[in-house]
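Have a look at run-v9.pdb below; it lists PDB, C-alpha atoms and all ligand atoms.
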```pdb
ATOM      1  CA  MET A  30     -54.013  32.608 276.568
ATOM      2  CA  ILE A  31     -53.408  36.339 276.159
ATOM      3  CA  ALA A  32     -54.160  38.201 272.908
ATOM      4  CA  VAL A  33     -53.122  41.695 271.845
ATOM      5  CA  VAL A  34     -55.107  43.831 269.377
ATOM      6  CA  GLY A  35     -53.123  46.768 267.949
ATOM      7  CA  ALA A  36     -49.858  44.857 268.416
ATOM      8  CA  THR A  37     -48.077  46.627 265.538
ATOM      9  CA  GLY A  38     -48.680  50.099 267.031
ATOM     10  CA  ASN A  39     -46.629  52.077 269.562
ATOM     11  CA  ILE A  40     -48.246  50.679 272.694
ATOM     12  CA  GLY A  41     -49.141  47.276 271.314
ATOM     13  CA  ARG A  42     -45.580  46.392 270.288
ATOM     14  CA  ALA A  43     -44.278  47.512 273.690
ATOM     15  CA  THR A  44     -46.944  45.425 275.412
ATOM     16  CA  VAL A  45     -45.996  42.334 273.409
ATOM     17  CA  LYS A  46     -42.304  42.837 274.155
ATOM     18  CA  GLU A  47     -43.000  43.155 277.889
ATOM     19  CA  LEU A  48     -45.332  40.153 277.927
ATOM     20  CA  ARG A  49     -42.672  38.029 276.278
ATOM     21  CA  ALA A  50     -40.060  39.269 278.752
ATOM     22  CA  LEU A  51     -42.451  38.172 281.514
ATOM     23  CA  GLY A  52     -42.524  34.668 280.030
ATOM     24  CA  GLU A  53     -45.862  34.892 278.182
ATOM     25  CA  ASP A  54     -46.421  33.972 274.545
ATOM     26  CA  PRO A  55     -49.298  36.230 273.486
ATOM     27  CA  VAL A  56     -51.088  35.915 270.183
ATOM     28  CA  CYS A  57     -51.090  39.158 268.200
ATOM     29  CA  ILE A  58     -54.154  39.942 266.124
ATOM     30  CA  VAL A  59     -52.861  41.916 263.134
ATOM     31  CA  ARG A  60     -54.158  42.966 259.724
ATOM     32  CA  ASN A  61     -50.798  42.883 257.979
ATOM     33  CA  ALA A  62     -48.663  39.791 258.584
ATOM     34  CA  ASP A  63     -45.582  41.276 256.840
ATOM     35  CA  LYS A  64     -45.652  44.404 258.981
ATOM     36  CA  ALA A  65     -46.143  42.258 262.075
ATOM     37  CA  ARG A  66     -43.058  40.191 261.259
ATOM     38  CA  GLU A  67     -41.026  43.341 260.684
ATOM     39  CA  VAL A  68     -42.228  45.147 263.825
ATOM     40  CA  LEU A  69     -42.601  42.253 266.243
ATOM     41  CA  GLY A  70     -40.090  39.712 264.957
ATOM     42  CA  ALA A  71     -40.600  36.414 263.159
ATOM     43  CA  ASP A  72     -40.947  34.365 266.352
ATOM     44  CA  VAL A  73     -43.997  36.225 267.695
ATOM     45  CA  ARG A  74     -47.318  34.406 267.354
ATOM     46  CA  THR A  75     -49.716  36.236 265.042
ATOM     47  CA  THR A  76     -53.103  35.666 263.533
ATOM     48  CA  THR A  77     -54.531  37.841 260.789
ATOM     49  CA  ALA A  78     -57.838  39.670 261.086
ATOM     50  CA  ASP A  79     -58.967  43.146 260.082
ATOM     51  CA  LEU A  80     -60.922  44.683 262.930
ATOM     52  CA  ASN A  81     -63.648  45.649 260.444
ATOM     53  CA  ASP A  82     -64.313  41.929 260.044
ATOM     54  CA  ARG A  83     -66.027  40.894 263.249
ATOM     55  CA  SER A  84     -66.261  37.191 262.436
ATOM     56  CA  ALA A  85     -62.555  37.063 261.562
ATOM     57  CA  VAL A  86     -61.760  38.669 264.919
ATOM     58  CA  GLU A  87     -64.028  36.179 266.679
ATOM     59  CA  ARG A  88     -62.163  33.298 265.027
ATOM     60  CA  ALA A  89     -58.827  34.874 265.961
ATOM     61  CA  LEU A  90     -59.939  35.034 269.592
ATOM     62  CA  SER A  91     -60.674  31.343 269.873
ATOM     63  CA  GLY A  92     -59.075  30.004 273.072
ATOM     64  CA  VAL A  93     -58.202  33.502 274.361
ATOM     65  CA  ASP A  94     -59.195  34.379 277.934
ATOM     66  CA  ARG A  95     -57.409  37.736 278.411
ATOM     67  CA  LEU A  96     -57.367  40.440 275.746
ATOM     68  CA  PHE A  97     -55.580  43.785 275.489
ATOM     69  CA  VAL A  98     -57.078  46.243 272.994
ATOM     70  CA  VAL A  99     -55.536  49.414 271.602
ATOM     71  CA  THR A 100     -56.365  51.021 268.272
ATOM     72  CA  GLY A 101     -55.411  54.372 266.838
ATOM     73  CA  GLY A 102     -54.774  56.432 263.763
ATOM     74  CA  THR A 103     -58.308  55.939 262.505
ATOM     75  CA  PRO A 104     -61.628  57.790 262.802
ATOM     76  CA  GLN A 105     -63.222  54.337 263.040
ATOM     77  CA  LEU A 106     -61.770  53.702 266.495
ATOM     78  CA  GLY A 107     -65.208  53.384 268.137
ATOM     79  CA  GLU A 108     -66.631  50.998 265.538
ATOM     80  CA  LEU A 109     -63.505  48.844 265.375
ATOM     81  CA  GLU A 110     -63.256  48.447 269.149
ATOM     82  CA  MET A 111     -66.986  47.735 269.381
ATOM     83  CA  ASN A 112     -66.437  44.945 266.843
ATOM     84  CA  VAL A 113     -63.618  43.593 269.004
ATOM     85  CA  LEU A 114     -65.770  43.765 272.146
ATOM     86  CA  ASN A 115     -68.648  41.905 270.482
ATOM     87  CA  ALA A 116     -66.283  39.333 268.986
ATOM     88  CA  ALA A 117     -64.668  38.859 272.412
ATOM     89  CA  LYS A 118     -68.052  38.216 274.024
ATOM     90  CA  ALA A 119     -68.970  35.703 271.333
ATOM     91  CA  ALA A 120     -65.583  33.955 271.578
ATOM     92  CA  GLY A 121     -65.835  33.520 275.351
ATOM     93  CA  VAL A 122     -63.023  35.905 276.328
ATOM     94  CA  LYS A 123     -63.091  36.489 280.108
ATOM     95  CA  TRP A 124     -61.197  39.791 280.469
ATOM     96  CA  LEU A 125     -60.782  42.812 278.234
ATOM     97  CA  VAL A 126     -58.199  45.485 279.083
ATOM     98  CA  LYS A 127     -58.857  48.621 277.049
ATOM     99  CA  LEU A 128     -56.433  51.440 276.337
ATOM    100  CA  ALA A 129     -58.423  54.673 276.444
ATOM    101  CA  GLY A 130     -57.795  58.406 276.616
ATOM    102  CA  GLY A 131     -57.903  60.645 279.671
ATOM    103  CA  LYS A 132     -61.308  61.002 281.351
ATOM    104  CA  CYS A 133     -61.522  64.570 280.021
ATOM    105  CA  VAL A 134     -61.278  63.237 276.436
ATOM    106  CA  SER A 135     -63.464  60.113 276.791
ATOM    107  CA  GLN A 136     -66.777  61.956 276.943
ATOM    108  CA  PRO A 137     -70.075  61.512 275.084
ATOM    109  CA  ASP A 138     -69.941  65.138 273.890
ATOM    110  CA  SER A 139     -66.182  65.344 273.320
ATOM    111  CA  GLY A 140     -65.009  67.621 270.507
ATOM    112  CA  SER A 141     -62.886  64.632 269.455
ATOM    113  CA  LEU A 142     -64.322  61.767 267.436
ATOM    114  CA  LEU A 143     -61.775  59.505 269.137
ATOM    115  CA  GLY A 144     -62.960  60.712 272.555
ATOM    116  CA  ARG A 145     -66.589  59.942 271.692
ATOM    117  CA  GLY A 146     -65.529  56.543 270.334
ATOM    118  CA  HIS A 147     -63.584  55.712 273.494
ATOM    119  CA  TYR A 148     -66.552  56.734 275.657
ATOM    120  CA  ALA A 149     -69.020  54.539 273.733
ATOM    121  CA  VAL A 150     -66.706  51.508 273.930
ATOM    122  CA  GLU A 151     -65.975  52.045 277.626
ATOM    123  CA  GLU A 152     -69.684  52.193 278.457
ATOM    124  CA  ALA A 153     -70.417  49.074 276.372
ATOM    125  CA  LEU A 154     -67.487  47.261 277.974
ATOM    126  CA  LYS A 155     -68.731  48.023 281.492
ATOM    127  CA  GLN A 156     -72.157  46.572 280.554
ATOM    128  CA  SER A 157     -70.742  43.613 278.616
ATOM    129  CA  GLY A 158     -70.484  41.047 281.388
ATOM    130  CA  LEU A 159     -66.759  40.659 280.637
ATOM    131  CA  GLY A 160     -64.213  41.442 283.309
ATOM    132  CA  TRP A 161     -62.728  44.830 282.412
ATOM    133  CA  VAL A 162     -59.914  47.238 283.136
ATOM    134  CA  ILE A 163     -59.516  50.657 281.464
ATOM    135  CA  LEU A 164     -56.082  52.274 281.152
ATOM    136  CA  ARG A 165     -55.808  56.072 280.971
ATOM    137  CA  PRO A 166     -52.227  57.151 280.289
ATOM    138  CA  GLY A 167     -50.998  60.755 280.183
ATOM    139  CA  LEU A 168     -49.836  62.462 276.988
ATOM    140  CA  PHE A 169     -47.370  60.411 274.977
ATOM    141  CA  MET A 170     -43.741  61.537 274.653
ATOM    142  CA  GLN A 171     -43.907  59.817 271.258
ATOM    143  CA  ASN A 172     -46.206  62.654 270.056
ATOM    144  CA  THR A 173     -42.953  64.619 269.589
ATOM    145  CA  LEU A 174     -41.833  62.152 266.887
ATOM    146  CA  ALA A 175     -44.119  64.094 264.522
ATOM    147  CA  GLN A 176     -41.865  67.114 265.217
ATOM    148  CA  ALA A 177     -38.784  65.297 263.912
ATOM    149  CA  PRO A 178     -38.802  66.910 260.421
ATOM    150  CA  LEU A 179     -39.012  70.417 261.958
ATOM    151  CA  ILE A 180     -36.355  69.629 264.561
ATOM    152  CA  LYS A 181     -34.063  68.314 261.837
ATOM    153  CA  SER A 182     -34.629  71.128 259.314
ATOM    154  CA  GLU A 183     -35.186  74.207 261.513
ATOM    155  CA  SER A 184     -34.050  73.120 264.994
ATOM    156  CA  LYS A 185     -37.436  73.943 266.477
ATOM    157  CA  MET A 186     -40.652  72.411 267.756
ATOM    158  CA  ALA A 187     -44.000  74.160 267.165
ATOM    159  CA  LEU A 188     -47.144  72.961 268.926
ATOM    160  CA  ALA A 189     -50.418  74.367 270.237
ATOM    161  CA  PHE A 190     -49.327  74.245 273.886
ATOM    162  CA  PRO A 191     -47.912  77.211 275.827
ATOM    163  CA  LYS A 192     -44.192  76.853 276.523
ATOM    164  CA  ASP A 193     -44.598  76.924 280.318
ATOM    165  CA  LEU A 194     -47.816  74.864 280.620
ATOM    166  CA  PRO A 195     -47.198  71.920 282.986
ATOM    167  CA  LEU A 196     -47.830  68.610 281.186
ATOM    168  CA  ALA A 197     -47.527  65.057 282.510
ATOM    169  CA  PHE A 198     -46.128  62.892 279.702
ATOM    170  CA  ILE A 199     -45.492  59.172 279.548
ATOM    171  CA  ASP A 200     -43.374  57.064 277.198
ATOM    172  CA  THR A 201     -45.522  54.586 275.228
ATOM    173  CA  ARG A 202     -42.970  51.888 276.100
ATOM    174  CA  ASP A 203     -43.976  52.451 279.718
ATOM    175  CA  VAL A 204     -47.652  52.265 278.785
ATOM    176  CA  GLY A 205     -46.833  48.848 277.313
ATOM    177  CA  ALA A 206     -44.977  47.828 280.464
ATOM    178  CA  LEU A 207     -48.013  48.619 282.579
ATOM    179  CA  ALA A 208     -50.519  47.148 280.109
ATOM    180  CA  ALA A 209     -48.610  43.848 279.964
ATOM    181  CA  ARG A 210     -48.739  43.431 283.739
ATOM    182  CA  VAL A 211     -52.417  44.343 283.899
ATOM    183  CA  VAL A 212     -53.519  41.982 281.117
ATOM    184  CA  ARG A 213     -51.406  39.210 282.616
ATOM    185  CA  ASP A 214     -53.298  39.432 285.899
ATOM    186  CA  PRO A 215     -56.450  41.489 285.250
ATOM    187  CA  ALA A 216     -58.381  40.211 288.282
ATOM    188  CA  LYS A 217     -56.046  42.289 290.469
ATOM    189  CA  HIS A 218     -57.401  45.429 288.802
ATOM    190  CA  ALA A 219     -60.991  44.327 288.129
ATOM    191  CA  SER A 220     -63.439  47.127 287.208
ATOM    192  CA  GLN A 221     -60.801  49.832 287.634
ATOM    193  CA  SER A 222     -59.930  52.795 285.440
ATOM    194  CA  ILE A 223     -56.224  53.266 286.010
ATOM    195  CA  GLU A 224     -54.935  56.802 285.391
ATOM    196  CA  PHE A 225     -51.159  57.129 285.236
ATOM    197  CA  THR A 226     -48.492  59.505 283.975
ATOM    198  CA  GLY A 227     -44.756  60.029 284.058
ATOM    199  CA  VAL A 228     -43.036  63.063 285.519
ATOM    200  CA  ILE A 229     -44.461  66.525 284.969
ATOM    201  CA  THR A 230     -42.604  68.942 282.703
ATOM    202  CA  ASN A 231     -43.476  71.544 280.043
ATOM    203  CA  TYR A 232     -42.607  71.928 276.375
ATOM    204  CA  GLY A 233     -40.029  74.636 277.120
ATOM    205  CA  GLN A 234     -38.165  72.160 279.353
ATOM    206  CA  PHE A 235     -38.731  69.334 276.866
ATOM    207  CA  ALA A 236     -37.083  71.468 274.131
ATOM    208  CA  GLN A 237     -34.189  72.096 276.531
ATOM    209  CA  VAL A 238     -33.759  68.332 276.927
ATOM    210  CA  PHE A 239     -33.709  67.995 273.113
ATOM    211  CA  SER A 240     -31.029  70.720 272.997
ATOM    212  CA  GLU A 241     -28.856  68.930 275.573
ATOM    213  CA  VAL A 242     -29.155  65.485 274.016
ATOM    214  CA  LEU A 243     -28.842  66.618 270.375
ATOM    215  CA  GLY A 244     -26.014  69.031 271.196
ATOM    216  CA  ARG A 245     -27.552  72.053 269.450
ATOM    217  CA  PRO A 246     -30.231  74.572 270.520
ATOM    218  CA  ILE A 247     -33.797  73.476 269.797
ATOM    219  CA  ALA A 248     -36.340  76.292 270.138
ATOM    220  CA  TYR A 249     -39.929  75.794 271.262
ATOM    221  CA  VAL A 250     -42.661  77.850 269.598
ATOM    222  CA  GLY A 251     -46.094  77.809 271.258
ATOM    223  CA  LEU A 252     -48.727  78.221 268.517
ATOM    224  CA  THR A 253     -52.148  79.763 269.020
ATOM    225  CA  LEU A 254     -55.063  77.427 268.298
ATOM    226  CA  GLU A 255     -55.756  79.396 265.109
ATOM    227  CA  GLN A 256     -52.161  79.055 263.898
ATOM    228  CA  ALA A 257     -52.149  75.347 264.712
ATOM    229  CA  GLU A 258     -55.458  74.798 262.910
ATOM    230  CA  GLN A 259     -54.266  76.653 259.800
ATOM    231  CA  GLY A 260     -50.994  74.699 259.768
ATOM    232  CA  MET A 261     -52.669  71.298 260.165
ATOM    233  CA  LYS A 262     -55.219  72.070 257.424
ATOM    234  CA  ALA A 263     -52.475  73.373 255.112
ATOM    235  CA  ARG A 264     -50.636  70.067 255.597
ATOM    236  CA  GLY A 265     -53.803  68.234 254.504
ATOM    237  CA  MET A 266     -54.631  66.702 257.877
ATOM    238  CA  PRO A 267     -58.177  65.259 257.876
ATOM    239  CA  GLU A 268     -60.820  67.298 259.692
ATOM    240  CA  TRP A 269     -61.526  64.674 262.383
ATOM    241  CA  LEU A 270     -57.844  64.683 263.339
ATOM    242  CA  VAL A 271     -57.596  68.495 263.347
ATOM    243  CA  ASP A 272     -60.645  68.570 265.672
ATOM    244  CA  HIS A 273     -59.027  65.929 267.887
ATOM    245  CA  MET A 274     -55.729  67.832 268.142
ATOM    246  CA  LEU A 275     -57.496  71.117 268.908
ATOM    247  CA  THR A 276     -59.673  69.420 271.550
ATOM    248  CA  ILE A 277     -56.550  68.081 273.259
ATOM    249  CA  ALA A 278     -54.888  71.522 273.122
ATOM    250  CA  ARG A 279     -57.981  73.214 274.613
ATOM    251  CA  LEU A 280     -58.243  70.651 277.427
ATOM    252  CA  ALA A 281     -54.518  71.025 278.108
ATOM    253  CA  ALA A 282     -54.885  74.805 278.388
ATOM    254  CA  GLN A 283     -57.539  74.161 281.058
ATOM    255  CA  GLY A 284     -54.983  72.155 283.055
ATOM    256  CA  GLU A 285     -56.473  68.737 282.269
ATOM    257  CA  PHE A 286     -53.055  67.163 281.553
ATOM    258  CA  SER A 287     -51.182  69.011 284.284
ATOM    259  CA  ILE A 288     -51.577  66.482 287.099
ATOM    260  CA  GLU A 289     -48.635  64.183 287.762
ATOM    261  CA  ASN A 290     -49.733  60.696 288.815
ATOM    262  CA  MET A 291     -46.756  58.329 288.887
ATOM    263  CA  GLN A 292     -47.755  56.073 291.784
ATOM    264  CA  PRO A 293     -49.954  53.635 289.805
ATOM    265  CA  PHE A 294     -47.041  53.017 287.429
ATOM    266  CA  ARG A 295     -44.599  52.497 290.300
ATOM    267  CA  ASP A 296     -47.037  50.122 292.045
ATOM    268  CA  ILE A 297     -47.766  48.011 288.972
ATOM    269  CA  VAL A 298     -44.417  48.032 287.163
ATOM    270  CA  GLY A 299     -42.128  48.400 290.184
ATOM    271  CA  ARG A 300     -39.860  51.140 288.843
ATOM    272  CA  ALA A 301     -40.018  54.814 287.887
ATOM    273  CA  PRO A 302     -41.393  55.754 284.465
ATOM    274  CA  ALA A 303     -38.912  56.964 281.811
ATOM    275  CA  SER A 304     -37.738  60.579 281.851
ATOM    276  CA  THR A 305     -37.951  62.871 278.826
ATOM    277  CA  LYS A 306     -34.137  62.692 278.674
ATOM    278  CA  GLN A 307     -34.235  58.903 278.379
ATOM    279  CA  PHE A 308     -36.869  59.184 275.667
ATOM    280  CA  VAL A 309     -34.851  61.670 273.577
ATOM    281  CA  GLN A 310     -31.628  59.684 274.044
ATOM    282  CA  ASP A 311     -33.313  56.505 272.865
ATOM    283  CA  HIS A 312     -34.787  58.242 269.781
ATOM    284  CA  LYS A 313     -31.820  60.519 269.062
ATOM    285  CA  ALA A 314     -31.227  59.123 265.564
ATOM    286  CA  MET A 315     -34.747  60.113 264.499
ATOM    287  CA  PHE A 316     -34.130  63.768 265.452
ATOM    288  CA  SER A 317     -30.533  64.109 264.223
TER
HETATM  289  N1  LIG B 401     -51.258  60.420 271.779
HETATM  290  C1  LIG B 401     -51.501  60.576 273.079
HETATM  291  O1  LIG B 401     -50.916  61.451 273.741
HETATM  292  C2  LIG B 401     -52.501  59.657 273.760
HETATM  293  C3  LIG B 401     -52.702  59.774 275.143
HETATM  294  C4  LIG B 401     -53.583  58.878 275.795
HETATM  295  C5  LIG B 401     -54.247  57.907 275.042
HETATM  296  N2  LIG B 401     -54.041  57.838 273.687
HETATM  297  C6  LIG B 401     -54.728  56.760 272.925
HETATM  298  O2  LIG B 401     -53.713  55.860 272.470
HETATM  299  C7  LIG B 401     -54.235  55.138 271.337
HETATM  300  C8  LIG B 401     -53.190  55.113 270.242
HETATM  301  O3  LIG B 401     -52.142  54.236 270.646
HETATM  302  P1  LIG B 401     -50.890  53.933 269.704
HETATM  303  O4  LIG B 401     -50.061  55.191 269.608
HETATM  304  O5  LIG B 401     -50.256  52.698 270.179
HETATM  305  O6  LIG B 401     -51.634  53.709 268.295
HETATM  306  P2  LIG B 401     -50.979  53.309 266.895
HETATM  307  O7  LIG B 401     -49.497  53.306 266.989
HETATM  308  O8  LIG B 401     -51.638  54.189 265.871
HETATM  309  O9  LIG B 401     -51.463  51.790 266.688
HETATM  310  C9  LIG B 401     -52.765  51.478 266.283
HETATM  311  C10 LIG B 401     -52.882  49.978 266.095
HETATM  312  O10 LIG B 401     -54.231  49.672 265.687
HETATM  313  C11 LIG B 401     -54.150  48.831 264.535
HETATM  314  N3  LIG B 401     -55.327  48.987 263.669
HETATM  315  C12 LIG B 401     -55.909  50.148 263.270
HETATM  316  N4  LIG B 401     -56.938  49.863 262.450
HETATM  317  C13 LIG B 401     -56.991  48.510 262.329
HETATM  318  C14 LIG B 401     -57.812  47.600 261.622
HETATM  319  N5  LIG B 401     -58.825  48.025 260.852
HETATM  320  N6  LIG B 401     -57.581  46.269 261.732
HETATM  321  C15 LIG B 401     -56.529  45.823 262.497
HETATM  322  N7  LIG B 401     -55.727  46.614 263.211
HETATM  323  C16 LIG B 401     -55.953  47.947 263.116
HETATM  324  C17 LIG B 401     -52.894  49.311 263.813
HETATM  325  O11 LIG B 401     -52.493  48.347 262.864
HETATM  326  P3  LIG B 401     -51.514  48.735 261.629
HETATM  327  O12 LIG B 401     -50.109  48.755 262.214
HETATM  328  O13 LIG B 401     -51.731  47.650 260.663
HETATM  329  O14 LIG B 401     -51.928  50.097 261.143
HETATM  330  C18 LIG B 401     -51.948  49.438 265.000
HETATM  331  O15 LIG B 401     -51.463  48.188 265.388
HETATM  332  C19 LIG B 401     -55.523  55.845 270.916
HETATM  333  O16 LIG B 401     -56.612  55.091 271.400
HETATM  334  C20 LIG B 401     -55.440  57.178 271.647
HETATM  335  O17 LIG B 401     -56.707  57.737 271.909
HETATM  336  C21 LIG B 401     -53.180  58.678 273.033
END
```
Just give me the structure of the file as structure tokens.
Amino acid sequence: MIAVVGATGNIGRATVKELRALGEDPVCIVRNADKAREVLGADVRTTTADLNDRSAVERALSGVDRLFVVTGGTPQLGELEMNVLNAAKAAGVKWLVKLAGGKCVSQPDSGSLLGRGHYAVEEALKQSGLGWVILRPGLFMQNTLAQAPLIKSESKMALAFPKDLPLAFIDTRDVGALAARVVRDPAKHASQSIEFTGVITNYGQFAQVFSEVLGRPIAYVGLTLEQAEQGMKARGMPEWLVDHMLTIARLAAQGEFSIENMQPFRDIVGRAPASTKQFVQDHKAMFS
């Protein structure tokens, strides 16, 4: 049996959808049953456990042999995923497929708390005795959803990335498509860290795609790190998240997200990853 942790999030819900389309009936480990029903549909199998509660997770994993784990939106990422790993070991899970960040982010001395958390979990996973696969997607196209209010009110995007900096994005729905196939047959990818991205572009071109699809000009404003930091703090963003965002922006400026790597996706999923145009078309209502 396959289980998915983080099933109500961007990647998790896409992974569940793909698994079901492939004929699997995964069990989703969720903390909020109402949200799960709303996001995943009433016919998806769920079991409730907060990832802070290791014994509840262990119970939820009873009978599971393959597990996909993604968490996010929390400074506790490292602790929560460590709980899941230990619960998986205790419950007799055979394979754990972990969604991580890029290698440049998953470092013991990363400026990002999430990066340090990912690194600690990855190292523990490799030593755990479980079969493992680590997935390292490129930057998410869905990061632009946070720009929706600005796009709607001022027809612009403003981020801490230079307008012409090459960036290899991927749609989280594609991350789910790849994750589903890997967790379905993890032995094929045993002990591999799979790096994958969609097509390379830059934010200037991305804004142009928004303009074409939305039918009005959308400007792109590249912020300095100082401007971005001031803006995030003024909006009340917690310090750990500001540090994470600035770490990503600094690594990007060094070219760390500028390498296109589409072949792993093509090999595993058997099609091309989504374009930025497809992404904007599919989310048009959120930006209009
Ligand atoms: N943004 C990027 O460009 C990028 C690039 C590469 C890798 N990544 C990695 O991608 C991951 C984020 O993926 P995502 O966008 O799919 O995340 P997400 O949408 O924020 O989803 C996070 C999931 O974790 C669940 N969760 C969090 N705390 C929990 C708890 N205490 N108990 C139970 N469930 C809990 C959430 O449940 P609820 O729905 O109940 O909150 C949700 O299902 C991060 O690990 C990040 O480092 C991001």
Problem - Nearby residues (all atoms listed in the file) at most 10 Å from A:Asp82, same-chain spacing under 5 positions excluded, as a ChimeraX atom specification - result: /A:87,109,112-113,116
Problem - atom CA of A:Gly92 to atom CA of A:Val68, distance in Å rounded to a single decimal - result: 24.5 Å
Please identify all protein, DNA and RNA residues within 8 Å of ligand LIG 401 (chain B), counting all atoms listed in the file, and report them as a PDB file with C-alpha atoms, keeping the file's coordinate frame.
```
ATOM      1  CA  VAL A  34     -55.107  43.831 269.377  1.00  0.00           C
ATOM      2  CA  GLY A  35     -53.123  46.768 267.949  1.00  0.00           C
ATOM      3  CA  ALA A  36     -49.858  44.857 268.416  1.00  0.00           C
ATOM      4  CA  THR A  37     -48.077  46.627 265.538  1.00  0.00           C
ATOM      5  CA  GLY A  38     -48.680  50.099 267.031  1.00  0.00           C
ATOM      6  CA  ASN A  39     -46.629  52.077 269.562  1.00  0.00           C
ATOM      7  CA  ILE A  40     -48.246  50.679 272.694  1.00  0.00           C
ATOM      8  CA  GLY A  41     -49.141  47.276 271.314  1.00  0.00           C
ATOM      9  CA  ARG A  42     -45.580  46.392 270.288  1.00  0.00           C
ATOM     10  CA  ILE A  58     -54.154  39.942 266.124  1.00  0.00           C
ATOM     11  CA  VAL A  59     -52.861  41.916 263.134  1.00  0.00           C
ATOM     12  CA  ARG A  60     -54.158  42.966 259.724  1.00  0.00           C
ATOM     13  CA  ASN A  61     -50.798  42.883 257.979  1.00  0.00           C
ATOM     14  CA  LYS A  64     -45.652  44.404 258.981  1.00  0.00           C
ATOM     15  CA  ALA A  65     -46.143  42.258 262.075  1.00  0.00           C
ATOM     16  CA  ALA A  78     -57.838  39.670 261.086  1.00  0.00           C
ATOM     17  CA  ASP A  79     -58.967  43.146 260.082  1.00  0.00           C
ATOM     18  CA  LEU A  80     -60.922  44.683 262.930  1.00  0.00           C
ATOM     19  CA  ASN A  81     -63.648  45.649 260.444  1.00  0.00           C
ATOM     20  CA  VAL A  99     -55.536  49.414 271.602  1.00  0.00           C
ATOM     21  CA  THR A 100     -56.365  51.021 268.272  1.00  0.00           C
ATOM     22  CA  GLY A 101     -55.411  54.372 266.838  1.00  0.00           C
ATOM     23  CA  GLY A 102     -54.774  56.432 263.763  1.00  0.00           C
ATOM     24  CA  THR A 103     -58.308  55.939 262.505  1.00  0.00           C
ATOM     25  CA  GLN A 105     -63.222  54.337 263.040  1.00  0.00           C
ATOM     26  CA  LEU A 106     -61.770  53.702 266.495  1.00  0.00           C
ATOM     27  CA  LEU A 109     -63.505  48.844 265.375  1.00  0.00           C
ATOM     28  CA  LEU A 128     -56.433  51.440 276.337  1.00  0.00           C
ATOM     29  CA  ALA A 129     -58.423  54.673 276.444  1.00  0.00           C
ATOM     30  CA  GLY A 130     -57.795  58.406 276.616  1.00  0.00           C
ATOM     31  CA  GLY A 131     -57.903  60.645 279.671  1.00  0.00           C
ATOM     32  CA  LEU A 143     -61.775  59.505 269.137  1.00  0.00           C
ATOM     33  CA  GLY A 144     -62.960  60.712 272.555  1.00  0.00           C
ATOM     34  CA  HIS A 147     -63.584  55.712 273.494  1.00  0.00           C
ATOM     35  CA  ARG A 165     -55.808  56.072 280.971  1.00  0.00           C
ATOM     36  CA  PRO A 166     -52.227  57.151 280.289  1.00  0.00           C
ATOM     37  CA  GLY A 167     -50.998  60.755 280.183  1.00  0.00           C
ATOM     38  CA  LEU A 168     -49.836  62.462 276.988  1.00  0.00           C
ATOM     39  CA  PHE A 169     -47.370  60.411 274.977  1.00  0.00           C
ATOM     40  CA  MET A 170     -43.741  61.537 274.653  1.00  0.00           C
ATOM     41  CA  GLN A 171     -43.907  59.817 271.258  1.00  0.00           C
ATOM     42  CA  ASN A 172     -46.206  62.654 270.056  1.00  0.00           C
ATOM     43  CA  PHE A 198     -46.128  62.892 279.702  1.00  0.00           C
ATOM     44  CA  THR A 201     -45.522  54.586 275.228  1.00  0.00           C
TER      45      THR A 201
END
```
Handout entry: Contacts of stretch 212-218 of chain A at 9 Å (all atoms listed in the file; same-chain gap of 5+ positions) as a ChimeraX atom specification
Key = /A:31,48,53,95-97,124-126,160-162,207,223
Practice task
Evaluate the PyMOL selection byres (((chain A and resi 310) around 12) and not hetatm) here and jot the selected residues down as a VMD selection string.
Solution key: chain A and resid 238 to 244 303 to 309 311 to 317
Sorted per-residue table, stretch 53-159 of chain A near stretch 273-296 of chain A, closest atoms and distance, 10 Å, all atoms listed in the file, as a tab-separated table:
```
residue	atom	partner	partner_atom	distance
A:Pro104	CA	A:His273	CA	9.9
A:Gly131	CA	A:Phe286	CA	8.3
A:Lys132	CA	A:Glu285	CA	9.2
A:Cys133	CA	A:Glu285	CA	6.9
A:Val134	CA	A:Ile277	CA	7.5
A:Ser139	CA	A:Thr276	CA	7.9
A:Gly140	CA	A:Thr276	CA	5.7
A:Ser141	CA	A:His273	CA	4.4
A:Leu142	CA	A:His273	CA	6.8
A:Leu143	CA	A:His273	CA	7.1
A:Gly144	CA	A:His273	CA	8.0
```
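Evaluated on this file, the PyMOL selection byres (((chain A and resi 194) around 9) and not hetatm) matches Phe190, Pro191, Lys192, Asp193, Pro195, Leu196, Thr230, Asn231, Tyr232, Gly233, Ala281, Ala282, Gly284 and Ser287 of chain A.
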Problem - Shell around stretch 256-262 of chain A at 9 Å using only C-alpha atoms, local window under 2 positions removed, as a PyMOL selection string - result: chain A and resi 187-189+252-254+264-268+270-272+274-275
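We find atom CA of A:Glu255 and atom CA of A:Gln176 to be spaced 18.5 Å apart.
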Practice task
Would you kindly return, as a ChimeraX atom specification, each protein, DNA or RNA residue with an atom no farther than 6 Å from any atom of A:Ala32, considering only C-alpha atoms and excluding same-chain residues fewer than 6 positions away?
Solution key: /A:55-57,96
Using only the atoms of stretch 211-224 of chain A listed in the file, plus 3 Å on each side, state the axis-aligned box centre and edge lengths in Å rounded to one decimal, as JSON.
```
{"center_x": -57.4, "center_y": 48.0, "center_z": 285.8, "size_x": 18.0, "size_y": 23.6, "size_z": 15.4}
```
Handout entry: For atom CA of A:Pro246 and atom CA of A:Lys185, the interatomic separation in Å (one decimal)
Key = 8.3 Å
Problem - Near-A:Gly121 list (12 Å; only C-alpha atoms; drop same-chain fewer than 6 positions) as number ranges by chain - result: A: 30, 87-96, 114-115, 157-160
